[in-house]
file input09.cif (mmCIF, C-alpha atoms and all ligand atoms)
data_my_file
loop_
_atom_site.label_atom_id
_atom_site.label_comp_id
_atom_site.auth_asym_id
_atom_site.auth_seq_id
_atom_site.Cartn_x
_atom_site.Cartn_y
_atom_site.Cartn_z
CA MET G 1 -7.74 14.02 6.36
CA ILE G 2 -4.00 14.63 6.47
CA TYR G 3 -2.31 14.89 3.07
CA LYS G 4 1.39 14.29 2.53
CA GLU G 5 3.76 14.71 -0.35
CA LEU G 6 4.61 11.54 -2.21
CA SER G 7 8.41 11.48 -2.18
CA LYS G 8 9.63 14.71 -3.83
CA THR G 9 6.91 14.74 -6.48
CA GLY G 10 4.81 17.64 -5.22
CA GLU G 11 1.76 15.29 -5.29
CA LYS G 12 -0.37 15.53 -2.16
CA LEU G 13 -1.83 12.15 -1.28
CA SER G 14 -4.13 11.29 1.59
CA SER G 15 -2.04 9.58 4.26
CA ILE G 16 -4.67 6.84 4.29
CA GLY G 17 -5.26 5.25 0.91
CA ILE G 18 -7.56 2.40 -0.09
CA GLY G 19 -6.30 -1.17 -0.50
CA THR G 20 -8.20 -3.42 -2.88
CA TRP G 21 -6.72 -6.92 -2.57
CA GLN G 22 -9.42 -9.61 -2.26
CA LEU G 23 -12.25 -7.38 -3.35
CA GLY G 24 -14.83 -8.99 -5.59
CA LYS G 25 -17.03 -10.86 -3.10
CA ASN G 26 -19.65 -8.12 -3.02
CA PRO G 27 -18.75 -5.54 -5.67
CA PRO G 28 -21.71 -3.15 -5.13
CA GLU G 29 -20.88 -2.75 -1.40
CA GLU G 30 -17.13 -2.57 -2.14
CA ILE G 31 -17.70 0.15 -4.74
CA ARG G 32 -19.84 2.06 -2.23
CA ALA G 33 -17.06 1.68 0.35
CA ILE G 34 -14.47 3.17 -2.02
CA LYS G 35 -16.84 6.01 -2.96
CA VAL G 36 -17.48 6.80 0.70
CA ALA G 37 -13.73 6.81 1.43
CA ILE G 38 -13.29 9.29 -1.44
CA GLU G 39 -16.13 11.45 -0.10
CA ASN G 40 -14.28 11.46 3.21
CA GLY G 41 -11.07 12.82 1.72
CA VAL G 42 -9.19 9.74 0.53
CA ASN G 43 -7.62 10.42 -2.88
CA PHE G 44 -5.33 7.43 -3.29
CA VAL G 45 -6.34 3.93 -4.42
CA ASP G 46 -4.00 0.96 -4.63
CA THR G 47 -4.62 -2.07 -6.82
CA ALA G 48 -2.61 -4.58 -8.88
CA GLU G 49 -3.06 -6.56 -12.08
CA ILE G 50 -2.96 -9.77 -10.02
CA TYR G 51 -5.79 -8.70 -7.65
CA GLY G 52 -8.46 -8.66 -10.33
CA SER G 53 -9.84 -5.53 -8.65
CA GLU G 54 -8.86 -2.98 -11.34
CA PRO G 55 -12.35 -3.11 -12.93
CA ILE G 56 -13.92 -2.48 -9.49
CA VAL G 57 -11.65 0.53 -9.00
CA ASN G 58 -12.64 1.70 -12.50
CA LYS G 59 -16.32 1.74 -11.48
CA ALA G 60 -15.70 3.20 -8.03
CA ILE G 61 -13.72 6.23 -9.24
CA LYS G 62 -16.11 7.16 -12.07
CA GLY G 63 -16.99 10.83 -11.70
CA ALA G 64 -14.43 11.45 -8.93
CA LYS G 65 -11.78 14.06 -9.57
CA ASN G 66 -8.04 13.94 -8.93
CA ILE G 67 -7.84 10.37 -7.67
CA PHE G 68 -4.29 9.07 -7.56
CA ILE G 69 -4.24 5.53 -8.94
CA ALA G 70 -1.51 3.09 -8.04
CA THR G 71 -1.32 -0.35 -9.59
CA LYS G 72 1.32 -3.04 -9.96
CA VAL G 73 2.90 -5.29 -12.53
CA TRP G 74 3.27 -8.94 -11.54
CA PRO G 75 6.88 -10.33 -11.50
CA ALA G 76 6.11 -12.91 -14.20
CA HIS G 77 5.69 -9.91 -16.51
CA PHE G 78 9.07 -8.27 -15.87
CA HIS G 79 10.52 -8.80 -19.36
CA TYR G 80 10.44 -5.55 -21.37
CA ASP G 81 7.54 -6.36 -23.72
CA ASP G 82 5.52 -7.99 -20.93
CA VAL G 83 5.76 -4.86 -18.74
CA ILE G 84 4.41 -2.75 -21.60
CA ARG G 85 1.61 -5.24 -22.30
CA ALA G 86 0.67 -5.51 -18.61
CA CYS G 87 0.51 -1.73 -18.34
CA ASP G 88 -1.74 -1.48 -21.41
CA LYS G 89 -4.03 -4.07 -19.86
CA SER G 90 -4.18 -2.22 -16.54
CA LEU G 91 -4.93 1.08 -18.30
CA LYS G 92 -7.85 -0.63 -20.03
CA ASN G 93 -9.11 -2.33 -16.84
CA LEU G 94 -8.93 0.94 -14.94
CA GLY G 95 -10.48 2.98 -17.75
CA VAL G 96 -7.79 5.69 -17.52
CA LYS G 97 -5.28 7.16 -19.96
CA GLN G 98 -2.50 7.29 -17.39
CA ILE G 99 -1.52 5.36 -14.26
CA ASP G 100 -0.21 7.65 -11.53
CA LEU G 101 2.05 5.15 -9.80
CA TYR G 102 3.19 1.92 -11.44
CA GLN G 103 4.88 -0.49 -9.03
CA LEU G 104 6.92 -3.67 -9.46
CA HIS G 105 4.88 -6.01 -7.25
CA TRP G 106 7.70 -8.23 -5.93
CA PRO G 107 11.39 -8.56 -6.82
CA ASN G 108 12.15 -11.17 -9.47
CA LYS G 109 15.74 -12.37 -9.41
CA PHE G 110 15.27 -14.36 -12.61
CA ILE G 111 14.83 -11.31 -14.85
CA PRO G 112 17.53 -8.62 -14.97
CA ILE G 113 16.30 -5.54 -13.15
CA GLU G 114 17.90 -3.35 -15.86
CA GLU G 115 15.49 -4.77 -18.46
CA THR G 116 12.45 -4.18 -16.25
CA MET G 117 13.44 -0.66 -15.26
CA ARG G 118 14.12 0.22 -18.92
CA ALA G 119 10.51 -0.70 -19.61
CA MET G 120 9.30 1.39 -16.66
CA GLU G 121 11.24 4.40 -17.94
CA SER G 122 9.82 3.97 -21.41
CA LEU G 123 6.31 3.93 -19.92
CA VAL G 124 6.99 7.26 -18.21
CA LYS G 125 8.35 8.65 -21.48
CA SER G 126 5.29 7.55 -23.42
CA GLY G 127 3.00 9.10 -20.78
CA LYS G 128 1.30 5.83 -19.80
CA ILE G 129 2.54 6.13 -16.23
CA ARG G 130 3.63 9.12 -14.16
CA TYR G 131 5.76 7.69 -11.37
CA VAL G 132 7.72 4.49 -10.76
CA GLY G 133 7.45 2.56 -7.51
CA VAL G 134 8.43 -0.84 -6.16
CA SER G 135 6.87 -3.20 -3.66
CA ASN G 136 8.36 -5.80 -1.30
CA PHE G 137 11.88 -4.61 -2.16
CA ASP G 138 14.39 -4.54 0.69
CA LYS G 139 16.95 -1.73 0.85
CA THR G 140 19.50 -3.51 -1.34
CA GLN G 141 16.92 -4.36 -3.98
CA LEU G 142 15.55 -0.82 -3.90
CA ILE G 143 19.02 0.64 -4.51
CA ALA G 144 19.63 -1.83 -7.36
CA ALA G 145 16.31 -0.87 -8.98
CA GLN G 146 17.15 2.82 -8.66
CA ASN G 147 20.62 2.32 -10.11
CA ALA G 148 19.11 0.47 -13.06
CA MET G 149 17.26 3.61 -14.18
CA LYS G 150 18.86 6.40 -16.18
CA LYS G 151 16.50 9.29 -15.52
CA GLU G 152 13.52 8.46 -13.31
CA GLU G 153 13.53 8.18 -9.55
CA ILE G 154 11.73 5.55 -7.50
CA VAL G 155 9.14 7.41 -5.46
CA SER G 156 7.87 4.64 -3.18
CA ASP G 157 8.36 1.18 -1.76
CA GLN G 158 5.17 -0.64 -0.71
CA VAL G 159 5.91 -3.13 2.04
CA GLU G 160 4.12 -4.96 4.80
CA TYR G 161 4.32 -2.66 7.79
CA SER G 162 2.12 -2.54 10.85
CA LEU G 163 2.27 -2.78 14.62
CA MET G 164 2.46 -6.54 14.05
CA VAL G 165 5.20 -6.43 11.39
CA ARG G 166 7.84 -3.86 12.19
CA GLY G 167 10.80 -5.28 10.26
CA PRO G 168 10.94 -2.36 7.77
CA GLU G 169 11.96 -0.07 10.65
CA GLU G 170 15.40 -1.68 10.80
CA GLU G 171 16.85 -0.69 7.42
CA LEU G 172 14.22 0.32 4.92
CA LEU G 173 12.50 3.16 6.77
CA PRO G 174 15.69 4.99 7.77
CA TYR G 175 16.96 4.71 4.19
CA CYS G 176 13.66 5.90 2.67
CA LYS G 177 13.45 8.75 5.14
CA LYS G 178 16.94 9.92 4.18
CA GLN G 179 16.28 9.60 0.45
CA LYS G 180 12.74 11.03 0.70
CA ILE G 181 11.24 7.88 -0.77
CA SER G 182 7.71 7.23 0.48
CA VAL G 183 6.85 3.99 2.24
CA ILE G 184 3.39 2.62 1.54
CA ALA G 185 2.40 0.34 4.43
CA TYR G 186 0.35 -2.62 3.24
CA SER G 187 -1.66 -4.90 5.53
CA PRO G 188 -1.58 -2.06 8.11
CA LEU G 189 -4.18 -3.93 10.16
CA GLY G 190 -2.26 -7.17 9.93
CA HIS G 191 -4.59 -8.43 7.18
CA GLY G 192 -7.35 -8.32 9.81
CA LYS G 193 -5.37 -10.36 12.37
CA LEU G 194 -5.39 -7.40 14.75
CA PHE G 195 -9.04 -8.18 15.46
CA MET G 196 -8.85 -11.97 15.67
CA GLY G 197 -7.54 -12.65 19.17
CA ARG G 198 -3.94 -13.48 18.25
CA TYR G 199 -2.85 -9.97 19.21
CA LYS G 200 -5.34 -9.54 22.06
CA LYS G 201 -2.96 -7.64 24.39
CA LEU G 202 -2.08 -5.15 21.67
CA PHE G 203 -5.71 -4.84 20.57
CA ASP G 204 -6.83 -4.21 24.17
CA LEU G 205 -4.22 -1.48 24.58
CA LEU G 206 -5.25 0.18 21.31
CA SER G 207 -8.90 0.06 22.37
CA LYS G 208 -8.03 1.54 25.77
CA VAL G 209 -5.95 4.34 24.25
CA GLY G 210 -8.70 4.93 21.70
CA LYS G 211 -11.25 5.71 24.39
CA ASP G 212 -9.45 8.99 25.19
CA TYR G 213 -9.65 10.09 21.58
CA ARG G 214 -13.06 8.58 20.84
CA LYS G 215 -11.36 6.42 18.24
CA THR G 216 -11.36 2.67 17.56
CA ALA G 217 -8.39 0.31 17.86
CA ALA G 218 -8.09 0.28 14.05
CA GLN G 219 -7.94 4.07 13.91
CA ILE G 220 -5.24 4.18 16.59
CA ALA G 221 -3.19 1.51 14.78
CA LEU G 222 -3.43 3.43 11.48
CA ASN G 223 -2.69 6.76 13.12
CA TRP G 224 0.43 5.35 14.73
CA LEU G 225 1.73 4.33 11.29
CA ILE G 226 0.97 7.54 9.44
CA SER G 227 2.41 9.66 12.23
CA LYS G 228 5.75 8.83 10.58
CA LYS G 229 6.39 11.45 7.93
CA GLU G 230 7.34 9.14 5.07
CA VAL G 231 4.60 6.54 5.69
CA PHE G 232 1.22 6.14 3.98
CA ALA G 233 -1.15 3.30 4.95
CA ILE G 234 -3.53 1.49 2.62
CA PRO G 235 -6.06 -0.51 4.67
CA LYS G 236 -8.52 -2.56 2.71
CA ALA G 237 -12.17 -2.10 3.65
CA SER G 238 -14.97 -3.89 1.89
CA SER G 239 -17.72 -2.25 3.91
CA VAL G 240 -18.86 1.37 4.12
CA LYS G 241 -18.48 1.21 7.91
CA HIS G 242 -14.81 0.22 7.80
CA ALA G 243 -14.07 2.65 4.96
CA MET G 244 -15.47 5.56 6.97
CA GLU G 245 -13.67 4.47 10.09
CA ASN G 246 -10.32 4.23 8.31
CA ALA G 247 -10.76 7.61 6.63
CA GLY G 248 -11.23 9.05 10.14
CA ALA G 249 -7.88 7.75 11.35
CA THR G 250 -5.87 10.90 10.64
CA SER G 251 -7.85 13.68 12.29
CA PHE G 252 -5.97 13.54 15.62
CA LYS G 253 -2.44 13.32 16.97
CA LEU G 254 -1.43 10.67 19.48
CA LYS G 255 0.07 12.00 22.69
CA LEU G 256 3.72 11.03 23.17
CA LYS G 257 2.92 8.84 26.19
CA ASP G 258 0.36 6.85 24.18
CA SER G 259 2.66 6.52 21.23
CA ILE G 260 5.40 5.18 23.49
CA ALA G 261 3.04 2.73 25.21
CA ILE G 262 1.97 1.36 21.81
CA ASP G 263 5.58 1.19 20.67
CA ILE G 264 6.54 -0.86 23.72
CA ALA G 265 3.54 -3.19 23.43
CA SER G 266 4.37 -4.02 19.82
CA ARG G 267 8.16 -3.97 20.13
CA LYS G 268 8.48 -7.76 20.09
CA HIS G 269 7.33 -7.65 16.45
CA LYS G 270 10.20 -5.34 15.54
CA LYS G 271 12.49 -8.07 14.30
CA LYS G 272 10.08 -9.47 11.77
CA SER G 273 11.73 -8.67 8.48
CA LEU G 274 10.62 -8.32 4.92
CA LYS G 275 12.02 -11.74 4.14
CA ASP G 276 9.87 -13.33 6.87
CA THR G 277 6.78 -12.04 5.12
CA VAL G 278 7.66 -13.63 1.77
CA ASN G 279 5.72 -16.83 1.44
CA LEU G 280 6.51 -19.78 -0.75
CA PRO G 281 3.08 -20.19 -2.40
CA LEU G 282 3.50 -16.64 -3.66
CA TYR G 283 6.85 -17.42 -5.24
CA PHE G 284 5.21 -20.42 -6.84
CA LEU G 285 2.59 -18.11 -8.29
CA LEU G 286 5.24 -15.86 -9.83
CA PHE G 287 5.66 -18.26 -12.67
CA LEU G 288 2.11 -19.40 -13.09
CA LYS G 289 0.41 -16.12 -13.75
CA ARG G 290 1.56 -15.30 -17.27
CA PHE G 291 -0.68 -13.65 -19.85
N1 LIG W 301 2.19 -5.15 -2.33
C1 LIG W 301 1.82 -6.29 -1.81
O1 LIG W 301 2.45 -7.34 -1.99
C2 LIG W 301 0.58 -6.31 -0.98
C3 LIG W 301 0.28 -7.44 -0.19
C4 LIG W 301 -0.87 -7.41 0.60
C5 LIG W 301 -1.68 -6.29 0.57
N2 LIG W 301 -1.38 -5.22 -0.23
C6 LIG W 301 -2.24 -4.02 -0.31
O2 LIG W 301 -2.53 -3.56 1.00
C7 LIG W 301 -3.95 -3.53 1.19
C8 LIG W 301 -4.32 -3.77 2.62
O3 LIG W 301 -3.78 -4.97 3.11
P1 LIG W 301 -4.67 -6.24 3.48
O4 LIG W 301 -5.89 -6.25 2.65
O5 LIG W 301 -3.77 -7.42 3.40
O6 LIG W 301 -4.96 -6.08 5.02
P2 LIG W 301 -5.44 -4.95 6.04
O7 LIG W 301 -5.84 -3.72 5.35
O8 LIG W 301 -4.40 -4.90 7.07
O9 LIG W 301 -6.70 -5.66 6.69
C9 LIG W 301 -7.88 -5.86 5.99
C10 LIG W 301 -8.84 -6.58 6.91
O10 LIG W 301 -9.16 -5.71 8.01
C11 LIG W 301 -10.56 -5.47 8.02
N3 LIG W 301 -10.77 -4.06 8.35
C12 LIG W 301 -10.54 -2.97 7.57
N4 LIG W 301 -10.83 -1.84 8.23
C13 LIG W 301 -11.28 -2.22 9.47
C14 LIG W 301 -11.74 -1.52 10.59
N5 LIG W 301 -11.77 -0.18 10.60
N6 LIG W 301 -12.13 -2.24 11.68
C15 LIG W 301 -12.08 -3.58 11.69
N7 LIG W 301 -11.65 -4.31 10.64
C16 LIG W 301 -11.24 -3.63 9.54
C17 LIG W 301 -11.06 -5.78 6.64
O11 LIG W 301 -12.41 -6.20 6.72
P3 LIG W 301 -13.48 -5.86 5.57
O12 LIG W 301 -12.86 -6.26 4.27
O13 LIG W 301 -14.65 -6.66 5.99
O14 LIG W 301 -13.76 -4.39 5.60
C18 LIG W 301 -10.14 -6.93 6.24
O15 LIG W 301 -10.57 -8.14 6.81
C19 LIG W 301 -4.43 -4.59 0.20
O16 LIG W 301 -5.80 -4.50 -0.04
C20 LIG W 301 -3.56 -4.29 -0.98
O17 LIG W 301 -4.02 -3.16 -1.70
C21 LIG W 301 -0.25 -5.22 -0.98
#

call {"tool": "encode", "arguments": {"input": "input09.cif", "output": "structure tokens"}}
result
Amino acid sequence: MIYKELSKTGEKLSSIGIGTWQLGKNPPEEIRAIKVAIENGVNFVDTAEIYGSEPIVNKAIKGAKNIFIATKVWPAHFHYDDVIRACDKSLKNLGVKQIDLYQLHWPNKFIPIEETMRAMESLVKSGKIRYVGVSNFDKTQLIAAQNAMKKEEIVSDQVEYSLMVRGPEEELLPYCKKQKISVIAYSPLGHGKLFMGRYKKLFDLLSKVGKDYRKTAAQIALNWLISKKEVFAIPKASSVKHAMENAGATSFKLKLKDSIAIDIASRKHKKKSLKDTVNLPLYFLLFLKRF
């Protein structure tokens, strides 16, 4: 496993973390999958209050040492008191005294960012969280969130980033690289679409390249992402097989010629921007999911 520093924190996180959205269909197998990932060097788990998977993470990390836990507060909870209440709830669900990384799940233009960031800073001060992160923030929103804080620094932005969605490369990645803010790539396997025929040409190339390294298409796709210094990837795996496979995605370095071939094959997805990935049903949900 390759470990990287999260922003400038000194924390060494596995470059492949564990995503936990849509867990809950088969909790015993999902818990085993997380445990196996941890046994294989993964030390970073991502969840969110909205996923309902915090209690599964709680069970899966029991007995494991030094696991870095990232969770998120839902935008409907961005008023000061709601942020504090959501955090308390997540601490309870996760069975921990402190959350390592607390992230704003999506921007919410209806609540002043200053109010939300004040709450995030007070959570750091009270020791309930260690680091502040954001998710689905474009460069402008990220800068506004940073400017709204007095003392703390934003350590990460979690955004959709994969060979199928390369929009963040235009503005966000260069900015984060310069500022040493980590980028956490969600849906790094295209939410599974990489394997469903829609991206057959790309999948075939990844499989072909993989043969030389004795790696699968998924491992090549993940390796390509985490070969960028500031990028972590958090694939979700609900089976032991996938969890093991994903944990094995860092133990090799792609040759330049392969990296370039993959880059060219996926270049047409470069334009897809953060805004393209925002879907309306989600915005609808922003206001429905209150305590
Ligand atoms: N911040 C946000 O707004 C946001 C949004 C979406 C996701 N996320 C985070 O990012 C995580 C990952 O994203 P995601 O769940 O959307 O999609 P993903 O990780 O890109 O893809 C997950 C899909 O790929 C399959 N898979 C996993 N490993 C595989 C492998 N080695 N070979 C073949 N198939 C494999 C999974 O199947 P199985 O489940 O059967 O293993 C699942 O169907 C989420 O769980 C969540 O933590 C964050």

call {"tool": "residues_near_ligand", "arguments": {"input": "input09.cif", "ligand": "ligand LIG 301 (chain W)", "cutoff": "7 Å", "atoms": "all atoms listed in the file", "output": "number ranges by chain"}}
result
G: 18-22, 46-47, 105-106, 135-136, 158-160, 186-192, 195, 218-219, 234-239, 242-243, 245-246

call {"tool": "atom_distance", "arguments": {"input": "input09.cif", "atom1": "CA of Asp82 in chain G", "atom2": "CA of Lys125 in chain G"}}
result
16.9 Å

call {"tool": "closest_residue", "arguments": {"input": "input09.cif", "among": "G:Lys65, G:Lys229, G:Lys253, G:Arg267", "to": "Cys176 in chain G", "atoms": "all atoms listed in the file"}}
result
G:Lys229

call {"tool": "atom_distance", "arguments": {"input": "input09.cif", "atom1": "CA of Gly10 in chain G", "atom2": "CA of Val124 in chain G"}}
result
16.8 Å

call {"tool": "closest_residue", "arguments": {"input": "input09.cif", "among": "G:Ile34, G:Ala185, G:Ala145, G:Ile2", "to": "Ala60 in chain G", "atoms": "only C-alpha atoms"}}
result
G:Ile34

call {"tool": "closest_residue", "arguments": {"input": "input09.cif", "among": "G:Ile113, G:Ile129, G:Met120, G:Ile84", "to": "Asn147 in chain G", "atoms": "all atoms listed in the file"}}
result
G:Ile113

call {"tool": "closest_atom_pairs", "arguments": {"input": "input09.cif", "of": "range 47-166 of chain G", "to": "range 27-31 of chain G", "cutoff": "8 Å", "atoms": "only C-alpha atoms", "output": "Markdown table"}}
result
| residue | atom | partner | partner_atom | distance |
| --- | --- | --- | --- | --- |
| G:Ile56 | CA | G:Ile31 | CA | 6.6 |
| G:Val57 | CA | G:Ile31 | CA | 7.4 |
| G:Lys59 | CA | G:Ile31 | CA | 7.1 |
| G:Ala60 | CA | G:Ile31 | CA | 4.9 |

call {"tool": "atom_distance", "arguments": {"input": "input09.cif", "atom1": "CA of Lys211 in chain G", "atom2": "CA of Ala249 in chain G"}}
result
13.6 Å

call {"tool": "residues_around", "arguments": {"input": "input09.cif", "residues": "Thr250 in chain G", "least_positions_apart": "5", "cutoff": "10 Å", "atoms": "all atoms listed in the file", "output": "list in words"}}
result
Met1, Ile2, Tyr3, Ser14, Ser15, Ile16, Gln219, Ile220, Leu222, Asn223, Trp224, Ile226 and Ser227 of chain G

call {"tool": "closest_residue", "arguments": {"input": "input09.cif", "among": "G:Gly63, G:Gly210, G:Gly133, G:Gly41", "to": "Ile184 in chain G", "atoms": "only C-alpha atoms"}}
result
G:Gly133

call {"tool": "closest_residue", "arguments": {"input": "input09.cif", "among": "G:Lys139, G:Lys268, G:Arg118, G:Lys215", "to": "Phe78 in chain G", "atoms": "only C-alpha atoms"}}
result
G:Arg118

call {"tool": "residues_near_point", "arguments": {"input": "input09.cif", "point": "(2.6, 7.5, -14.2)", "cutoff": "7 Å", "atoms": "only C-alpha atoms", "output": "list in words"}}
result
Gln98, Ile99, Asp100, Leu101, Tyr102, Val124, Gly127, Lys128, Ile129, Arg130, Tyr131 and Val132 of chain G

call {"tool": "closest_residue", "arguments": {"input": "input09.cif", "among": "G:Glu170, G:Ile50, G:Asn108, G:Glu115", "to": "Ser90 in chain G", "atoms": "all atoms listed in the file"}}
result
G:Ile50

call {"tool": "residues_around", "arguments": {"input": "input09.cif", "residues": "Leu163 in chain G", "least_positions_apart": "3", "cutoff": "7 Å", "atoms": "all atoms listed in the file", "output": "list in words"}}
result
Arg166, Ala221 and Ser266 of chain G

call {"tool": "residues_near_point", "arguments": {"input": "input09.cif", "point": "(14.8, 5.4, -10.5)", "cutoff": "12 Å", "atoms": "only C-alpha atoms", "output": "PyMOL selection string"}}
result
chain G and resi 103+113-114+116-121+124+131-134+141-157+179+181

call {"tool": "residues_around", "arguments": {"input": "input09.cif", "residues": "Asn93 in chain G", "least_positions_apart": "3", "cutoff": "10 Å", "atoms": "all atoms listed in the file", "output": "JSON, numbers by chain"}}
result
{"G": [49, 52, 53, 54, 55, 56, 57, 58, 59, 87, 88, 89, 90, 96]}

call {"tool": "decode", "arguments": {"input": "input09.cif", "residues": "range 247-270 of chain G", "atoms": "N, CA and C atoms", "output": "PDB file, in the first residue's frame"}}
result
ATOM      1  N   ALA G 247      -7.485  -2.821  -2.774  1.00  0.00           N
ATOM      2  CA  ALA G 247      -6.337  -2.567  -1.885  1.00  0.00           C
ATOM      3  C   ALA G 247      -5.023  -2.885  -2.609  1.00  0.00           C
ATOM      4  N   GLY G 248      -5.102  -3.720  -3.639  1.00  0.00           N
ATOM      5  CA  GLY G 248      -3.896  -4.105  -4.384  1.00  0.00           C
ATOM      6  C   GLY G 248      -3.623  -3.190  -5.573  1.00  0.00           C
ATOM      7  N   ALA G 249      -4.282  -2.032  -5.582  1.00  0.00           N
ATOM      8  CA  ALA G 249      -4.152  -1.157  -6.762  1.00  0.00           C
ATOM      9  C   ALA G 249      -2.976  -0.197  -6.675  1.00  0.00           C
ATOM     10  N   THR G 250      -2.206  -0.247  -5.578  1.00  0.00           N
ATOM     11  CA  THR G 250      -1.143   0.763  -5.450  1.00  0.00           C
ATOM     12  C   THR G 250       0.274   0.191  -5.541  1.00  0.00           C
ATOM     13  N   SER G 251       0.359  -1.140  -5.593  1.00  0.00           N
ATOM     14  CA  SER G 251       1.675  -1.768  -5.427  1.00  0.00           C
ATOM     15  C   SER G 251       2.519  -1.795  -6.716  1.00  0.00           C
ATOM     16  N   PHE G 252       2.216  -0.931  -7.663  1.00  0.00           N
ATOM     17  CA  PHE G 252       2.974  -0.908  -8.919  1.00  0.00           C
ATOM     18  C   PHE G 252       2.894   0.501  -9.509  1.00  0.00           C
ATOM     19  N   LYS G 253       3.786   0.772 -10.438  1.00  0.00           N
ATOM     20  CA  LYS G 253       3.795   2.104 -11.065  1.00  0.00           C
ATOM     21  C   LYS G 253       3.562   1.928 -12.562  1.00  0.00           C
ATOM     22  N   LEU G 254       2.617   2.628 -13.103  1.00  0.00           N
ATOM     23  CA  LEU G 254       2.349   2.520 -14.541  1.00  0.00           C
ATOM     24  C   LEU G 254       3.509   3.109 -15.340  1.00  0.00           C
ATOM     25  N   LYS G 255       3.865   2.414 -16.412  1.00  0.00           N
ATOM     26  CA  LYS G 255       4.903   2.969 -17.296  1.00  0.00           C
ATOM     27  C   LYS G 255       4.324   4.199 -17.994  1.00  0.00           C
ATOM     28  N   LEU G 256       5.194   5.133 -18.337  1.00  0.00           N
ATOM     29  CA  LEU G 256       4.752   6.385 -18.963  1.00  0.00           C
ATOM     30  C   LEU G 256       3.904   6.111 -20.207  1.00  0.00           C
ATOM     31  N   LYS G 257       4.340   5.154 -21.024  1.00  0.00           N
ATOM     32  CA  LYS G 257       3.616   4.899 -22.284  1.00  0.00           C
ATOM     33  C   LYS G 257       2.180   4.406 -21.984  1.00  0.00           C
ATOM     34  N   ASP G 258       2.020   3.627 -20.948  1.00  0.00           N
ATOM     35  CA  ASP G 258       0.680   3.139 -20.597  1.00  0.00           C
ATOM     36  C   ASP G 258      -0.178   4.273 -20.041  1.00  0.00           C
ATOM     37  N   SER G 259       0.455   5.068 -19.220  1.00  0.00           N
ATOM     38  CA  SER G 259      -0.251   6.204 -18.625  1.00  0.00           C
ATOM     39  C   SER G 259      -0.752   7.144 -19.729  1.00  0.00           C
ATOM     40  N   ILE G 260       0.091   7.376 -20.710  1.00  0.00           N
ATOM     41  CA  ILE G 260      -0.290   8.267 -21.819  1.00  0.00           C
ATOM     42  C   ILE G 260      -1.423   7.640 -22.642  1.00  0.00           C
ATOM     43  N   ALA G 261      -1.319   6.343 -22.902  1.00  0.00           N
ATOM     44  CA  ALA G 261      -2.364   5.671 -23.695  1.00  0.00           C
ATOM     45  C   ALA G 261      -3.723   5.771 -22.976  1.00  0.00           C
ATOM     46  N   ILE G 262      -3.704   5.612 -21.673  1.00  0.00           N
ATOM     47  CA  ILE G 262      -4.953   5.698 -20.891  1.00  0.00           C
ATOM     48  C   ILE G 262      -5.476   7.131 -20.921  1.00  0.00           C
ATOM     49  N   ASP G 263      -4.552   8.065 -20.773  1.00  0.00           N
ATOM     50  CA  ASP G 263      -4.919   9.485 -20.798  1.00  0.00           C
ATOM     51  C   ASP G 263      -5.622   9.819 -22.111  1.00  0.00           C
ATOM     52  N   ILE G 264      -5.052   9.356 -23.205  1.00  0.00           N
ATOM     53  CA  ILE G 264      -5.627   9.664 -24.527  1.00  0.00           C
ATOM     54  C   ILE G 264      -7.004   9.002 -24.672  1.00  0.00           C
ATOM     55  N   ALA G 265      -7.104   7.761 -24.241  1.00  0.00           N
ATOM     56  CA  ALA G 265      -8.374   7.026 -24.402  1.00  0.00           C
ATOM     57  C   ALA G 265      -9.503   7.655 -23.589  1.00  0.00           C
ATOM     58  N   SER G 266      -9.158   8.337 -22.512  1.00  0.00           N
ATOM     59  CA  SER G 266     -10.231   8.896 -21.673  1.00  0.00           C
ATOM     60  C   SER G 266     -10.335  10.413 -21.817  1.00  0.00           C
ATOM     61  N   ARG G 267      -9.553  10.967 -22.727  1.00  0.00           N
ATOM     62  CA  ARG G 267      -9.471  12.432 -22.849  1.00  0.00           C
ATOM     63  C   ARG G 267     -10.815  13.074 -23.172  1.00  0.00           C
ATOM     64  N   LYS G 268     -11.659  12.365 -23.908  1.00  0.00           N
ATOM     65  CA  LYS G 268     -12.942  12.985 -24.285  1.00  0.00           C
ATOM     66  C   LYS G 268     -13.820  13.253 -23.060  1.00  0.00           C
ATOM     67  N   HIS G 269     -13.464  12.662 -21.917  1.00  0.00           N
ATOM     68  CA  HIS G 269     -14.255  12.910 -20.703  1.00  0.00           C
ATOM     69  C   HIS G 269     -13.689  14.065 -19.891  1.00  0.00           C
ATOM     70  N   LYS G 270     -12.683  14.716 -20.452  1.00  0.00           N
ATOM     71  CA  LYS G 270     -11.965  15.766 -19.727  1.00  0.00           C
ATOM     72  C   LYS G 270     -12.863  16.957 -19.397  1.00  0.00           C
TER      73      LYS G 270
END
